[in-house]
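So the structure is just underneath, and the comments pick up after that.
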Amino acid sequence: MAGQVRPFILDTMVAGRARHRGIGTGLIATAVHHARAAGCDWLHVDFEDHLSGFYFQSCGFSPTNTGLIALS
């Protein structure tokens with residue numbers, strides 16, 4: 001639908017010494033909460049392949065088909 005707001009998350013990072021304390025999942029949960037409160041239907045995330053477990057299993061994102069064209 002034209003005009004929909006579609007927020008996205010890009011390059012989320014937690015310092016190495018602070019990892020495995022729930023900071024990243026808490027950050028994503030906060031983003032989900034605020035996106036819902038704002039009336040958004042979807043929250044998109046872009047990440048490198050090695051982070052798929054975090055986003056799919058830990059944060060609840062679903063894999064989808066997307067397209068990409070390299071411009072450089």
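Note on naming: chains are A, B, ... as they come in the structure tokens, residues start from 1 per chain, ligands start from 1 in the order shown.
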Residues within 12 Å of Leu27 (chain A), only C-alpha atoms, excluding chain neighbours under 3 positions, as a list in words: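 Near neighbours after the sequence-gap exclusion: Ile9, Thr12, Met13, Val14, Arg21, Gly22, Ile23, Gly24, Thr30, Ala31, Val32, His33, His34, Tyr55, Ser58 and Cys59 of chain A.
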Point-to-point distance in Å for CA of Pro7 (chain A) and CA of Ser52 (chain A):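 CA of Pro7 (chain A) lies at a distance of 19.0 Å from CA of Ser52 (chain A).
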Expected answer as number ranges by chain: helix (DSSP H, G or I) residues in chain A: A: 16-18, 23-37, 49-58
Residues from last step as file, N, CA and C atoms, as an mmCIF file, in the first residue's frame:
data_model
loop_
_atom_site.group_PDB
_atom_site.id
_atom_site.type_symbol
_atom_site.label_atom_id
_atom_site.label_comp_id
_atom_site.auth_asym_id
_atom_site.auth_seq_id
_atom_site.Cartn_x
_atom_site.Cartn_y
_atom_site.Cartn_z
ATOM 1 N N GLY A 16 31.934 -5.912 22.000
ATOM 2 C CA GLY A 16 32.315 -7.281 22.308
ATOM 3 C C GLY A 16 32.271 -7.613 23.791
ATOM 4 N N ARG A 17 32.737 -6.718 24.634
ATOM 5 C CA ARG A 17 32.775 -6.987 26.068
ATOM 6 C C ARG A 17 31.389 -6.969 26.718
ATOM 7 N N ALA A 18 30.389 -6.461 25.996
ATOM 8 C CA ALA A 18 29.030 -6.373 26.540
ATOM 9 C C ALA A 18 28.077 -7.393 25.919
ATOM 10 N N ILE A 23 21.555 -7.354 25.627
ATOM 11 C CA ILE A 23 21.487 -5.962 25.168
ATOM 12 C C ILE A 23 20.953 -5.882 23.743
ATOM 13 N N GLY A 24 21.464 -6.722 22.860
ATOM 14 C CA GLY A 24 21.021 -6.706 21.461
ATOM 15 C C GLY A 24 19.569 -7.091 21.316
ATOM 16 N N THR A 25 19.159 -8.177 21.980
ATOM 17 C CA THR A 25 17.758 -8.583 21.894
ATOM 18 C C THR A 25 16.848 -7.548 22.544
ATOM 19 N N GLY A 26 17.330 -6.891 23.597
ATOM 20 C CA GLY A 26 16.552 -5.819 24.217
ATOM 21 C C GLY A 26 16.385 -4.637 23.290
ATOM 22 N N LEU A 27 17.435 -4.315 22.566
ATOM 23 C CA LEU A 27 17.380 -3.218 21.597
ATOM 24 C C LEU A 27 16.365 -3.525 20.502
ATOM 25 N N ILE A 28 16.388 -4.754 19.984
ATOM 26 C CA ILE A 28 15.440 -5.144 18.950
ATOM 27 C C ILE A 28 14.016 -5.157 19.512
ATOM 28 N N ALA A 29 13.834 -5.681 20.718
ATOM 29 C CA ALA A 29 12.504 -5.693 21.337
ATOM 30 C C ALA A 29 11.963 -4.278 21.499
ATOM 31 N N THR A 30 12.817 -3.339 21.856
ATOM 32 C CA THR A 30 12.396 -1.935 21.982
ATOM 33 C C THR A 30 11.985 -1.371 20.632
ATOM 34 N N ALA A 31 12.750 -1.692 19.593
ATOM 35 C CA ALA A 31 12.403 -1.231 18.242
ATOM 36 C C ALA A 31 11.064 -1.813 17.801
ATOM 37 N N VAL A 32 10.829 -3.096 18.078
ATOM 38 C CA VAL A 32 9.564 -3.741 17.733
ATOM 39 C C VAL A 32 8.415 -3.064 18.470
ATOM 40 N N HIS A 33 8.593 -2.837 19.752
ATOM 41 C CA HIS A 33 7.556 -2.190 20.567
ATOM 42 C C HIS A 33 7.183 -0.817 19.997
ATOM 43 N N HIS A 34 8.183 -0.005 19.712
ATOM 44 C CA HIS A 34 7.924 1.353 19.222
ATOM 45 C C HIS A 34 7.364 1.353 17.797
ATOM 46 N N ALA A 35 7.803 0.415 16.959
ATOM 47 C CA ALA A 35 7.252 0.329 15.608
ATOM 48 C C ALA A 35 5.770 -0.051 15.670
ATOM 49 N N ARG A 36 5.424 -0.992 16.545
ATOM 50 C CA ARG A 36 4.009 -1.354 16.729
ATOM 51 C C ARG A 36 3.199 -0.171 17.251
ATOM 52 N N ALA A 37 3.742 0.510 18.255
ATOM 53 C CA ALA A 37 3.039 1.647 18.851
ATOM 54 C C ALA A 37 2.808 2.764 17.835
ATOM 55 N N ASP A 49 25.091 -12.651 6.682
ATOM 56 C CA ASP A 49 24.655 -14.043 6.849
ATOM 57 C C ASP A 49 24.991 -14.644 8.212
ATOM 58 N N HIS A 50 26.167 -14.337 8.741
ATOM 59 C CA HIS A 50 26.571 -14.970 10.007
ATOM 60 C C HIS A 50 25.730 -14.517 11.203
ATOM 61 N N LEU A 51 24.904 -13.507 11.018
ATOM 62 C CA LEU A 51 24.037 -13.022 12.098
ATOM 63 C C LEU A 51 22.606 -13.555 12.002
ATOM 64 N N SER A 52 22.349 -14.461 11.056
ATOM 65 C CA SER A 52 20.982 -14.941 10.850
ATOM 66 C C SER A 52 20.413 -15.615 12.098
ATOM 67 N N GLY A 53 21.197 -16.374 12.834
ATOM 68 C CA GLY A 53 20.706 -17.016 14.052
ATOM 69 C C GLY A 53 20.203 -16.010 15.066
ATOM 70 N N PHE A 54 20.933 -14.930 15.236
ATOM 71 C CA PHE A 54 20.507 -13.880 16.171
ATOM 72 C C PHE A 54 19.166 -13.298 15.758
ATOM 73 N N TYR A 55 19.052 -12.890 14.494
ATOM 74 C CA TYR A 55 17.829 -12.224 14.051
ATOM 75 C C TYR A 55 16.647 -13.179 13.907
ATOM 76 N N PHE A 56 16.872 -14.398 13.415
ATOM 77 C CA PHE A 56 15.763 -15.329 13.212
ATOM 78 C C PHE A 56 15.382 -16.054 14.504
ATOM 79 N N GLN A 57 16.332 -16.643 15.195
ATOM 80 C CA GLN A 57 16.007 -17.411 16.397
ATOM 81 C C GLN A 57 15.844 -16.516 17.636
ATOM 82 N N SER A 58 16.770 -15.614 17.872
ATOM 83 C CA SER A 58 16.737 -14.827 19.104
ATOM 84 C C SER A 58 15.731 -13.683 19.076
#
Straight-line distance linking CA of His44 (chain A) with CA of Arg6 (chain A), stated in Å to one decimal: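 Interatomic distance, CA of His44 (chain A) to CA of Arg6 (chain A): 7.2 Å.
Rounded to one decimal, CA of Gln4 (chain A) and CA of Leu71 (chain A) lie 25.8 Å from each other.
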DSSP strand (DSSP E) selection over chain A, as a list in words: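 Taking chain A and keeping strand (DSSP E) only, one gets Phe8, Ile9, Leu10, His44, Val45 and Asp46 of chain A.
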Convert the current residue selection to file output with N, CA and C atoms, as a PDB file, in the first residue's frame.
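Listing of again_20.pdb after writing:
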ATOM      1  N   PHE A   8      13.179   0.162   9.354  1.00  0.00           N
ATOM      2  CA  PHE A   8      14.141  -0.921   9.198  1.00  0.00           C
ATOM      3  C   PHE A   8      15.297  -0.733  10.160  1.00  0.00           C
ATOM      4  N   ILE A   9      15.960  -1.838  10.442  1.00  0.00           N
ATOM      5  CA  ILE A   9      17.126  -1.867  11.327  1.00  0.00           C
ATOM      6  C   ILE A   9      18.322  -2.224  10.468  1.00  0.00           C
ATOM      7  N   LEU A  10      19.402  -1.487  10.653  1.00  0.00           N
ATOM      8  CA  LEU A  10      20.606  -1.697   9.854  1.00  0.00           C
ATOM      9  C   LEU A  10      21.837  -1.558  10.739  1.00  0.00           C
ATOM     10  N   HIS A  44      11.631  -4.177   9.139  1.00  0.00           N
ATOM     11  CA  HIS A  44      12.628  -4.851   8.304  1.00  0.00           C
ATOM     12  C   HIS A  44      13.988  -4.820   8.990  1.00  0.00           C
ATOM     13  N   VAL A  45      14.820  -5.800   8.674  1.00  0.00           N
ATOM     14  CA  VAL A  45      16.191  -5.827   9.172  1.00  0.00           C
ATOM     15  C   VAL A  45      17.098  -6.278   8.030  1.00  0.00           C
ATOM     16  N   ASP A  46      18.290  -5.720   7.984  1.00  0.00           N
ATOM     17  CA  ASP A  46      19.298  -6.107   7.001  1.00  0.00           C
ATOM     18  C   ASP A  46      20.544  -6.499   7.792  1.00  0.00           C
TER      19      ASP A  46
END
